[in-house]
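Asker: Dropping the structure in here first, questions after.
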Amino acid sequence: MNTEKISLKSIATGTFEETFIEEGFFVLTNKNEDDTVEILEREIDSSYIQFHFCTKGSAAFVFNQGTYTLNINEDTSLLLYNPQRDLPIHLEMKPHSWLVSLVISIKKFHGLFSEDANYVTFLTDDNRDKKYYKDGDVSPSMAVVLNQLMSFNLNSSIKQLYFKGKAYELLSLFFNRSEDADIEQCPFLVDEVNVAKLKKAKDIIIANMAEPPTLQELADEIGLSLKKLKEGFKQIYGDSVFSFLFDYKMEVARKLLESGDYNVNEVGLKVGYSTGSHFIAAFKKKFGTTPKKYVLGSS
């Protein structure tokens, strides 16, 4: 814990420069070029993973009203994730310090590595509720990308596109490991048995999307408790079982409509809606338009 005391006269309020990458993903940057400590704050909820990179100077992340502090120094990184509570940023940027932060939702993060994210899970009793505060070194290749982000001076119209490319490059480098390294490719531990059971649950509801089993029936079939099914499915697929199924059904419906082989009622029946009005309402909720208007727009 950091007990260093700072004079109130040497503290100023700073702001992050925030760049939106896409839904569930954004980049924060800050250059404190002054002789004072800057305090920066940003609300971040528990569904996000934070990657922080210090390219110059140092900074301190303060939690629980100052009772706990994590320091980050020049050329080091810090990964923060806690599925049990929000982790708002309260950052003390030391004078003449630079920081780049990638903030990405767990749902999008899982999807980067694999459609099923088979190796990313929090399902064992020891690890399901585990928080991750992992520090590491910034490699030379990562330092190049970080400096490109901090020194962006191209046309502002391409900033989002440029940052998107660099943010994904940075994540790739962060998780890159030599082939013989005895290290997981990801900070989250493997539980192959439970992941296989949850993948089976996903396959079952997809195969039976028109008449899916109840959650309890599904839990019984894959051999997990109802609680572990609910928690585990959301951790791996980023959504509840039935929210995932709803999105899947609407995507199937969209493709069937685009094919032109079925009318609206036929599509609705194929994805599990006994009445056309219920299907139309569900489709409009997902895509903001009716199936008929969607077909007309597509053609």
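In the structure tokens, the first chain shown is A, the next is B, and so on; residue numbers restart at 1 for each chain, and ligands run from 1 in the order shown.
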Run DSSP on the backbone and give me the residues of stretch 62-281 of chain A it puts in alpha helix (DSSP H), as a tab-separated table (two decimals) with N, CA, C and O atoms, in the first residue's frame.

Answerer:
```tsv
chain	number	residue	atom	x	y	z
A	106	ILE	N	-15.88	-8.02	-21.12
A	106	ILE	CA	-15.51	-9.43	-21.06
A	106	ILE	C	-16.13	-10.18	-22.23
A	106	ILE	O	-15.53	-11.11	-22.79
A	107	LYS	N	-17.33	-9.77	-22.66
A	107	LYS	CA	-18.00	-10.43	-23.80
A	107	LYS	C	-17.19	-10.27	-25.07
A	107	LYS	O	-16.93	-11.23	-25.80
A	108	LYS	N	-16.76	-9.05	-25.35
A	108	LYS	CA	-15.96	-8.81	-26.56
A	108	LYS	C	-14.58	-9.45	-26.43
A	108	LYS	O	-14.06	-10.02	-27.40
A	109	PHE	N	-14.01	-9.42	-25.25
A	109	PHE	CA	-12.69	-10.00	-25.03
A	109	PHE	C	-12.70	-11.50	-25.33
A	109	PHE	O	-11.83	-12.01	-26.03
A	110	HIS	N	-13.69	-12.21	-24.81
A	110	HIS	CA	-13.81	-13.64	-25.09
A	110	HIS	C	-13.88	-13.89	-26.58
A	110	HIS	O	-13.25	-14.81	-27.11
A	111	GLY	N	-14.67	-13.08	-27.27
A	111	GLY	CA	-14.88	-13.29	-28.69
A	111	GLY	C	-13.65	-13.05	-29.54
A	111	GLY	O	-13.58	-13.52	-30.68
A	112	LEU	N	-12.66	-12.34	-29.01
A	112	LEU	CA	-11.44	-12.07	-29.78
A	112	LEU	C	-10.64	-13.33	-30.01
A	112	LEU	O	-9.95	-13.46	-31.04
A	113	PHE	N	-10.69	-14.26	-29.07
A	113	PHE	CA	-9.81	-15.41	-29.13
A	113	PHE	C	-10.46	-16.62	-29.77
A	113	PHE	O	-9.80	-17.39	-30.46
A	140	PRO	N	9.47	-4.32	-26.19
A	140	PRO	CA	9.83	-3.29	-27.17
A	140	PRO	C	8.79	-3.11	-28.27
A	140	PRO	O	8.50	-1.98	-28.68
A	141	SER	N	8.21	-4.22	-28.75
A	141	SER	CA	7.20	-4.11	-29.81
A	141	SER	C	5.94	-3.42	-29.29
A	141	SER	O	5.29	-2.65	-30.01
A	142	MET	N	5.56	-3.69	-28.05
A	142	MET	CA	4.42	-3.00	-27.45
A	142	MET	C	4.71	-1.52	-27.27
A	142	MET	O	3.83	-0.68	-27.48
A	143	ALA	N	5.95	-1.20	-26.91
A	143	ALA	CA	6.33	0.20	-26.69
A	143	ALA	C	6.18	1.02	-27.97
A	143	ALA	O	5.76	2.18	-27.93
A	144	VAL	N	6.49	0.39	-29.10
A	144	VAL	CA	6.34	1.09	-30.39
A	144	VAL	C	4.88	1.47	-30.62
A	144	VAL	O	4.56	2.61	-30.96
A	145	VAL	N	3.97	0.51	-30.40
A	145	VAL	CA	2.54	0.77	-30.61
A	145	VAL	C	2.04	1.82	-29.63
A	145	VAL	O	1.27	2.72	-30.00
A	146	LEU	N	2.45	1.72	-28.38
A	146	LEU	CA	2.01	2.68	-27.37
A	146	LEU	C	2.46	4.10	-27.73
A	146	LEU	O	1.68	5.05	-27.59
A	147	ASN	N	3.68	4.22	-28.20
A	147	ASN	CA	4.17	5.55	-28.59
A	147	ASN	C	3.44	6.08	-29.82
A	147	ASN	O	3.21	7.29	-29.94
A	148	GLN	N	3.04	5.18	-30.71
A	148	GLN	CA	2.25	5.60	-31.87
A	148	GLN	C	0.89	6.14	-31.43
A	148	GLN	O	0.38	7.11	-31.99
A	149	LEU	N	0.29	5.49	-30.43
A	149	LEU	CA	-0.99	5.97	-29.91
A	149	LEU	C	-0.83	7.33	-29.24
A	149	LEU	O	-1.65	8.23	-29.42
A	150	MET	N	0.21	7.46	-28.44
A	150	MET	CA	0.41	8.71	-27.69
A	150	MET	C	0.82	9.87	-28.60
A	150	MET	O	0.60	11.04	-28.28
A	159	LYS	N	-8.83	9.02	-36.84
A	159	LYS	CA	-8.31	8.66	-35.52
A	159	LYS	C	-8.93	7.38	-34.99
A	159	LYS	O	-8.23	6.49	-34.48
A	160	GLN	N	-10.25	7.24	-35.09
A	160	GLN	CA	-10.91	6.04	-34.56
A	160	GLN	C	-10.40	4.78	-35.26
A	160	GLN	O	-10.12	3.77	-34.62
A	161	LEU	N	-10.27	4.85	-36.58
A	161	LEU	CA	-9.79	3.70	-37.35
A	161	LEU	C	-8.35	3.37	-36.96
A	161	LEU	O	-7.99	2.20	-36.77
A	162	TYR	N	-7.52	4.39	-36.84
A	162	TYR	CA	-6.11	4.19	-36.48
A	162	TYR	C	-6.00	3.57	-35.10
A	162	TYR	O	-5.27	2.59	-34.88
A	163	PHE	N	-6.74	4.12	-34.14
A	163	PHE	CA	-6.70	3.61	-32.76
A	163	PHE	C	-7.23	2.18	-32.70
A	163	PHE	O	-6.73	1.37	-31.92
A	164	LYS	N	-8.23	1.88	-33.51
A	164	LYS	CA	-8.78	0.52	-33.52
A	164	LYS	C	-7.71	-0.48	-33.94
A	164	LYS	O	-7.51	-1.52	-33.29
A	165	GLY	N	-7.01	-0.17	-35.02
A	165	GLY	CA	-5.95	-1.06	-35.48
A	165	GLY	C	-4.85	-1.22	-34.45
A	165	GLY	O	-4.38	-2.33	-34.17
A	166	LYS	N	-4.45	-0.12	-33.84
A	166	LYS	CA	-3.36	-0.16	-32.86
A	166	LYS	C	-3.79	-0.84	-31.56
A	166	LYS	O	-3.00	-1.54	-30.92
A	167	ALA	N	-5.06	-0.65	-31.17
A	167	ALA	CA	-5.55	-1.28	-29.94
A	167	ALA	C	-5.54	-2.80	-30.07
A	167	ALA	O	-5.12	-3.53	-29.17
A	168	TYR	N	-6.01	-3.29	-31.23
A	168	TYR	CA	-6.00	-4.74	-31.44
A	168	TYR	C	-4.57	-5.27	-31.58
A	168	TYR	O	-4.26	-6.37	-31.12
A	169	GLU	N	-3.72	-4.50	-32.20
A	169	GLU	CA	-2.31	-4.90	-32.30
A	169	GLU	C	-1.69	-5.00	-30.90
A	169	GLU	O	-0.96	-5.95	-30.59
A	170	LEU	N	-2.02	-4.04	-30.06
A	170	LEU	CA	-1.47	-4.03	-28.70
A	170	LEU	C	-1.95	-5.24	-27.90
A	170	LEU	O	-1.16	-5.89	-27.19
A	171	LEU	N	-3.23	-5.58	-28.01
A	171	LEU	CA	-3.75	-6.77	-27.33
A	171	LEU	C	-3.07	-8.03	-27.84
A	171	LEU	O	-2.74	-8.94	-27.07
A	172	SER	N	-2.85	-8.10	-29.16
A	172	SER	CA	-2.18	-9.26	-29.74
A	172	SER	C	-0.78	-9.43	-29.16
A	172	SER	O	-0.36	-10.53	-28.80
A	173	LEU	N	-0.07	-8.33	-29.06
A	173	LEU	CA	1.29	-8.37	-28.52
A	173	LEU	C	1.28	-8.70	-27.03
A	173	LEU	O	2.16	-9.41	-26.53
A	174	PHE	N	0.27	-8.20	-26.33
A	174	PHE	CA	0.17	-8.46	-24.88
A	174	PHE	C	0.03	-9.95	-24.60
A	174	PHE	O	0.62	-10.47	-23.66
A	175	PHE	N	-0.74	-10.65	-25.44
A	175	PHE	CA	-0.98	-12.07	-25.21
A	175	PHE	C	-0.06	-12.97	-26.01
A	175	PHE	O	-0.17	-14.19	-25.94
A	192	GLU	N	-11.50	-27.44	-18.42
A	192	GLU	CA	-11.97	-28.04	-19.66
A	192	GLU	C	-13.29	-28.80	-19.48
A	192	GLU	O	-14.14	-28.80	-20.36
A	193	VAL	N	-13.46	-29.45	-18.33
A	193	VAL	CA	-14.67	-30.25	-18.13
A	193	VAL	C	-15.91	-29.37	-18.13
A	193	VAL	O	-16.89	-29.62	-18.84
A	194	ASN	N	-15.88	-28.32	-17.33
A	194	ASN	CA	-17.05	-27.44	-17.26
A	194	ASN	C	-17.27	-26.66	-18.56
A	194	ASN	O	-18.41	-26.42	-18.96
A	195	VAL	N	-16.18	-26.26	-19.21
A	195	VAL	CA	-16.32	-25.57	-20.49
A	195	VAL	C	-17.00	-26.48	-21.50
A	195	VAL	O	-17.88	-26.06	-22.24
A	196	ALA	N	-16.60	-27.75	-21.52
A	196	ALA	CA	-17.21	-28.71	-22.44
A	196	ALA	C	-18.71	-28.87	-22.14
A	196	ALA	O	-19.53	-28.97	-23.05
A	197	LYS	N	-19.06	-28.88	-20.87
A	197	LYS	CA	-20.48	-29.00	-20.49
A	197	LYS	C	-21.26	-27.78	-20.94
A	197	LYS	O	-22.40	-27.90	-21.42
A	198	LEU	N	-20.68	-26.62	-20.81
A	198	LEU	CA	-21.38	-25.40	-21.21
A	198	LEU	C	-21.48	-25.27	-22.72
A	198	LEU	O	-22.47	-24.77	-23.25
A	199	LYS	N	-20.44	-25.74	-23.42
A	199	LYS	CA	-20.52	-25.77	-24.88
A	199	LYS	C	-21.64	-26.72	-25.30
A	199	LYS	O	-22.39	-26.45	-26.25
A	200	LYS	N	-21.77	-27.85	-24.58
A	200	LYS	CA	-22.85	-28.79	-24.87
A	200	LYS	C	-24.20	-28.12	-24.64
A	200	LYS	O	-25.15	-28.31	-25.42
A	201	ALA	N	-24.32	-27.33	-23.58
A	201	ALA	CA	-25.56	-26.61	-23.30
A	201	ALA	C	-25.90	-25.68	-24.45
A	201	ALA	O	-27.07	-25.60	-24.89
A	202	LYS	N	-24.90	-24.98	-24.97
A	202	LYS	CA	-25.13	-24.09	-26.10
A	202	LYS	C	-25.60	-24.88	-27.32
A	202	LYS	O	-26.56	-24.49	-28.01
A	203	ASP	N	-24.97	-26.01	-27.58
A	203	ASP	CA	-25.35	-26.84	-28.73
A	203	ASP	C	-26.78	-27.37	-28.58
A	203	ASP	O	-27.53	-27.46	-29.56
A	204	ILE	N	-27.16	-27.72	-27.34
A	204	ILE	CA	-28.50	-28.25	-27.10
A	204	ILE	C	-29.57	-27.20	-27.38
A	204	ILE	O	-30.57	-27.48	-28.05
A	205	ILE	N	-29.38	-26.00	-26.88
A	205	ILE	CA	-30.42	-24.97	-27.09
A	205	ILE	C	-30.49	-24.54	-28.55
A	205	ILE	O	-31.56	-24.21	-29.05
A	206	ILE	N	-29.35	-24.57	-29.24
A	206	ILE	CA	-29.37	-24.23	-30.67
A	206	ILE	C	-30.11	-25.31	-31.46
A	206	ILE	O	-30.94	-25.02	-32.33
A	207	ALA	N	-29.82	-26.58	-31.14
A	207	ALA	CA	-30.46	-27.69	-31.85
A	207	ALA	C	-31.96	-27.74	-31.58
A	207	ALA	O	-32.73	-28.27	-32.39
A	215	LEU	N	-34.30	-24.16	-18.09
A	215	LEU	CA	-32.94	-24.06	-17.54
A	215	LEU	C	-32.63	-25.25	-16.64
A	215	LEU	O	-31.51	-25.79	-16.67
A	216	GLN	N	-33.60	-25.67	-15.85
A	216	GLN	CA	-33.36	-26.81	-14.96
A	216	GLN	C	-33.15	-28.09	-15.78
A	216	GLN	O	-32.26	-28.89	-15.47
A	217	GLU	N	-33.95	-28.28	-16.81
A	217	GLU	CA	-33.77	-29.45	-17.67
A	217	GLU	C	-32.40	-29.43	-18.35
A	217	GLU	O	-31.73	-30.46	-18.47
A	218	LEU	N	-31.99	-28.25	-18.78
A	218	LEU	CA	-30.69	-28.09	-19.43
A	218	LEU	C	-29.56	-28.39	-18.44
A	218	LEU	O	-28.60	-29.10	-18.77
A	219	ALA	N	-29.68	-27.86	-17.22
A	219	ALA	CA	-28.66	-28.10	-16.19
A	219	ALA	C	-28.55	-29.59	-15.89
A	219	ALA	O	-27.44	-30.14	-15.77
A	220	ASP	N	-29.70	-30.27	-15.79
A	220	ASP	CA	-29.69	-31.70	-15.50
A	220	ASP	C	-29.03	-32.48	-16.64
A	220	ASP	O	-28.27	-33.43	-16.41
A	221	GLU	N	-29.30	-32.06	-17.87
A	221	GLU	CA	-28.78	-32.80	-19.02
A	221	GLU	C	-27.26	-32.70	-19.15
A	221	GLU	O	-26.59	-33.65	-19.55
A	222	ILE	N	-26.71	-31.54	-18.79
A	222	ILE	CA	-25.25	-31.39	-18.93
A	222	ILE	C	-24.50	-31.71	-17.64
A	222	ILE	O	-23.27	-31.75	-17.62
A	226	LEU	N	-27.90	-25.61	-11.46
A	226	LEU	CA	-28.55	-24.49	-12.13
A	226	LEU	C	-27.72	-23.22	-11.97
A	226	LEU	O	-27.55	-22.44	-12.92
A	227	LYS	N	-27.18	-23.02	-10.79
A	227	LYS	CA	-26.36	-21.84	-10.52
A	227	LYS	C	-25.13	-21.81	-11.41
A	227	LYS	O	-24.78	-20.79	-12.01
A	228	LYS	N	-24.43	-22.95	-11.51
A	228	LYS	CA	-23.22	-23.00	-12.33
A	228	LYS	C	-23.53	-22.85	-13.81
A	228	LYS	O	-22.75	-22.27	-14.57
A	229	LEU	N	-24.69	-23.37	-14.23
A	229	LEU	CA	-25.10	-23.17	-15.62
A	229	LEU	C	-25.29	-21.69	-15.91
A	229	LEU	O	-24.76	-21.16	-16.89
A	230	LYS	N	-26.04	-21.01	-15.06
A	230	LYS	CA	-26.32	-19.59	-15.29
A	230	LYS	C	-25.04	-18.76	-15.26
A	230	LYS	O	-24.78	-17.96	-16.16
A	231	GLU	N	-24.24	-18.95	-14.21
A	231	GLU	CA	-23.03	-18.13	-14.06
A	231	GLU	C	-22.01	-18.47	-15.13
A	231	GLU	O	-21.40	-17.57	-15.73
A	232	GLY	N	-21.82	-19.76	-15.36
A	232	GLY	CA	-20.81	-20.18	-16.32
A	232	GLY	C	-21.14	-19.79	-17.75
A	232	GLY	O	-20.27	-19.34	-18.50
A	233	PHE	N	-22.40	-19.95	-18.13
A	233	PHE	CA	-22.80	-19.60	-19.49
A	233	PHE	C	-22.56	-18.11	-19.75
A	233	PHE	O	-22.05	-17.73	-20.80
A	234	LYS	N	-22.90	-17.30	-18.77
A	234	LYS	CA	-22.72	-15.86	-18.96
A	234	LYS	C	-21.25	-15.49	-19.03
A	234	LYS	O	-20.85	-14.60	-19.79
A	235	GLN	N	-20.41	-16.18	-18.25
A	235	GLN	CA	-18.99	-15.87	-18.28
A	235	GLN	C	-18.37	-16.22	-19.62
A	235	GLN	O	-17.53	-15.49	-20.15
A	236	ILE	N	-18.76	-17.36	-20.19
A	236	ILE	CA	-18.16	-17.79	-21.45
A	236	ILE	C	-18.77	-17.07	-22.66
A	236	ILE	O	-18.07	-16.60	-23.54
A	237	TYR	N	-20.10	-16.98	-22.69
A	237	TYR	CA	-20.76	-16.44	-23.88
A	237	TYR	C	-21.20	-15.00	-23.72
A	237	TYR	O	-21.76	-14.41	-24.65
A	241	VAL	N	-28.47	-17.59	-20.87
A	241	VAL	CA	-28.81	-18.65	-21.81
A	241	VAL	C	-29.88	-18.17	-22.80
A	241	VAL	O	-29.74	-18.30	-24.03
A	242	PHE	N	-30.97	-17.61	-22.27
A	242	PHE	CA	-32.08	-17.26	-23.15
A	242	PHE	C	-31.85	-15.97	-23.93
A	242	PHE	O	-32.39	-15.80	-25.02
A	243	SER	N	-31.02	-15.08	-23.42
A	243	SER	CA	-30.65	-13.90	-24.21
A	243	SER	C	-29.77	-14.32	-25.38
A	243	SER	O	-29.91	-13.82	-26.51
A	244	PHE	N	-28.85	-15.25	-25.11
A	244	PHE	CA	-28.01	-15.80	-26.17
A	244	PHE	C	-28.88	-16.48	-27.23
A	244	PHE	O	-28.71	-16.28	-28.43
A	245	LEU	N	-29.85	-17.29	-26.77
A	245	LEU	CA	-30.72	-18.02	-27.69
A	245	LEU	C	-31.57	-17.05	-28.51
A	245	LEU	O	-31.78	-17.26	-29.71
A	246	PHE	N	-32.06	-16.00	-27.87
A	246	PHE	CA	-32.86	-15.00	-28.60
A	246	PHE	C	-32.05	-14.39	-29.74
A	246	PHE	O	-32.53	-14.29	-30.88
A	247	ASP	N	-30.82	-13.97	-29.44
A	247	ASP	CA	-29.97	-13.38	-30.48
A	247	ASP	C	-29.71	-14.38	-31.60
A	247	ASP	O	-29.71	-14.02	-32.78
A	248	TYR	N	-29.48	-15.63	-31.21
A	248	TYR	CA	-29.20	-16.66	-32.21
A	248	TYR	C	-30.43	-16.86	-33.12
A	248	TYR	O	-30.32	-16.93	-34.34
A	249	LYS	N	-31.61	-16.97	-32.50
A	249	LYS	CA	-32.84	-17.18	-33.27
A	249	LYS	C	-33.11	-16.03	-34.23
A	249	LYS	O	-33.52	-16.23	-35.38
A	250	MET	N	-32.87	-14.82	-33.77
A	250	MET	CA	-33.11	-13.67	-34.64
A	250	MET	C	-32.13	-13.63	-35.81
A	250	MET	O	-32.47	-13.23	-36.92
A	251	GLU	N	-30.89	-14.08	-35.56
A	251	GLU	CA	-29.91	-14.13	-36.65
A	251	GLU	C	-30.30	-15.19	-37.67
A	251	GLU	O	-30.19	-14.98	-38.89
A	252	VAL	N	-30.78	-16.34	-37.19
A	252	VAL	CA	-31.27	-17.38	-38.10
A	252	VAL	C	-32.47	-16.86	-38.90
A	252	VAL	O	-32.55	-17.05	-40.12
A	253	ALA	N	-33.37	-16.20	-38.21
A	253	ALA	CA	-34.56	-15.65	-38.88
A	253	ALA	C	-34.17	-14.66	-39.96
A	253	ALA	O	-34.73	-14.66	-41.07
A	254	ARG	N	-33.22	-13.81	-39.64
A	254	ARG	CA	-32.76	-12.80	-40.62
A	254	ARG	C	-32.24	-13.47	-41.89
A	254	ARG	O	-32.56	-13.07	-43.01
A	255	LYS	N	-31.43	-14.52	-41.71
A	255	LYS	CA	-30.86	-15.22	-42.87
A	255	LYS	C	-31.93	-15.96	-43.67
A	255	LYS	O	-31.87	-16.00	-44.91
A	256	LEU	N	-32.91	-16.54	-42.97
A	256	LEU	CA	-33.99	-17.22	-43.66
A	256	LEU	C	-34.83	-16.24	-44.48
A	256	LEU	O	-35.24	-16.54	-45.61
A	257	LEU	N	-35.09	-15.07	-43.93
A	257	LEU	CA	-35.84	-14.04	-44.65
A	257	LEU	C	-35.06	-13.59	-45.89
A	257	LEU	O	-35.63	-13.39	-46.96
A	258	GLU	N	-33.76	-13.41	-45.72
A	258	GLU	CA	-32.93	-12.96	-46.84
A	258	GLU	C	-32.91	-13.99	-47.97
A	258	GLU	O	-32.75	-13.63	-49.14
A	259	SER	N	-33.04	-15.26	-47.62
A	259	SER	CA	-33.00	-16.31	-48.64
A	259	SER	C	-34.19	-16.23	-49.59
A	259	SER	O	-34.12	-16.69	-50.74
A	264	VAL	N	-42.96	-14.77	-43.78
A	264	VAL	CA	-42.73	-14.35	-42.39
A	264	VAL	C	-43.24	-15.38	-41.39
A	264	VAL	O	-42.54	-15.73	-40.43
A	265	ASN	N	-44.45	-15.89	-41.61
A	265	ASN	CA	-45.00	-16.86	-40.66
A	265	ASN	C	-44.18	-18.15	-40.62
A	265	ASN	O	-43.97	-18.73	-39.55
A	266	GLU	N	-43.72	-18.60	-41.78
A	266	GLU	CA	-42.91	-19.82	-41.84
A	266	GLU	C	-41.59	-19.63	-41.09
A	266	GLU	O	-41.14	-20.53	-40.37
A	267	VAL	N	-40.97	-18.48	-41.26
A	267	VAL	CA	-39.72	-18.20	-40.55
A	267	VAL	C	-39.97	-18.18	-39.05
A	267	VAL	O	-39.21	-18.73	-38.27
A	268	GLY	N	-41.06	-17.52	-38.65
A	268	GLY	CA	-41.38	-17.46	-37.22
A	268	GLY	C	-41.54	-18.83	-36.62
A	268	GLY	O	-41.04	-19.12	-35.52
A	269	LEU	N	-42.23	-19.74	-37.32
A	269	LEU	CA	-42.42	-21.11	-36.81
A	269	LEU	C	-41.10	-21.84	-36.71
A	269	LEU	O	-40.86	-22.59	-35.75
A	270	LYS	N	-40.22	-21.64	-37.69
A	270	LYS	CA	-38.93	-22.35	-37.68
A	270	LYS	C	-38.07	-21.97	-36.48
A	270	LYS	O	-37.27	-22.77	-36.00
A	276	GLY	N	-47.50	-15.30	-35.68
A	276	GLY	CA	-46.75	-14.33	-36.46
A	276	GLY	C	-46.53	-13.03	-35.72
A	276	GLY	O	-45.48	-12.40	-35.83
A	277	SER	N	-47.53	-12.62	-34.93
A	277	SER	CA	-47.41	-11.33	-34.22
A	277	SER	C	-46.29	-11.37	-33.19
A	277	SER	O	-45.57	-10.38	-33.01
A	278	HIS	N	-46.14	-12.51	-32.51
A	278	HIS	CA	-45.05	-12.63	-31.53
A	278	HIS	C	-43.69	-12.58	-32.22
A	278	HIS	O	-42.74	-11.97	-31.72
A	279	PHE	N	-43.58	-13.24	-33.36
A	279	PHE	CA	-42.32	-13.21	-34.11
A	279	PHE	C	-42.01	-11.81	-34.60
A	279	PHE	O	-40.87	-11.33	-34.48
A	280	ILE	N	-43.01	-11.14	-35.14
A	280	ILE	CA	-42.80	-9.77	-35.65
A	280	ILE	C	-42.33	-8.85	-34.53
A	280	ILE	O	-41.40	-8.05	-34.70
A	281	ALA	N	-42.95	-8.98	-33.35
A	281	ALA	CA	-42.56	-8.14	-32.21
A	281	ALA	C	-41.12	-8.43	-31.78
A	281	ALA	O	-40.35	-7.51	-31.48
```

Asker: In terms of the shortest atom-to-atom distance over only C-alpha atoms, which of A:Pro291, A:Gly14, A:Gly136, A:Gly57 is closest to A:Leu91?

Answerer: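 Comparing A:Pro291, A:Gly14, A:Gly136, A:Gly57 against A:Leu91, the winner is A:Gly14.
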
Asker: Check the DSSP output for the backbone and give back, as an MDAnalysis selection string, the residues of stretch 17-130 of chain A in strand (DSSP E or B).

Answerer: chainID A and resid 17:22 25:32 37:42 48:56 58:63 68:73 76:81 89:93 97:105

Asker: Could you check how far atom CA of A:Ala12 sits from atom CA of A:Ala60, in Å to one decimal?

Answerer: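 Taking atom CA of A:Ala12 as the start and atom CA of A:Ala60 as the end point, the length is 14.7 Å.
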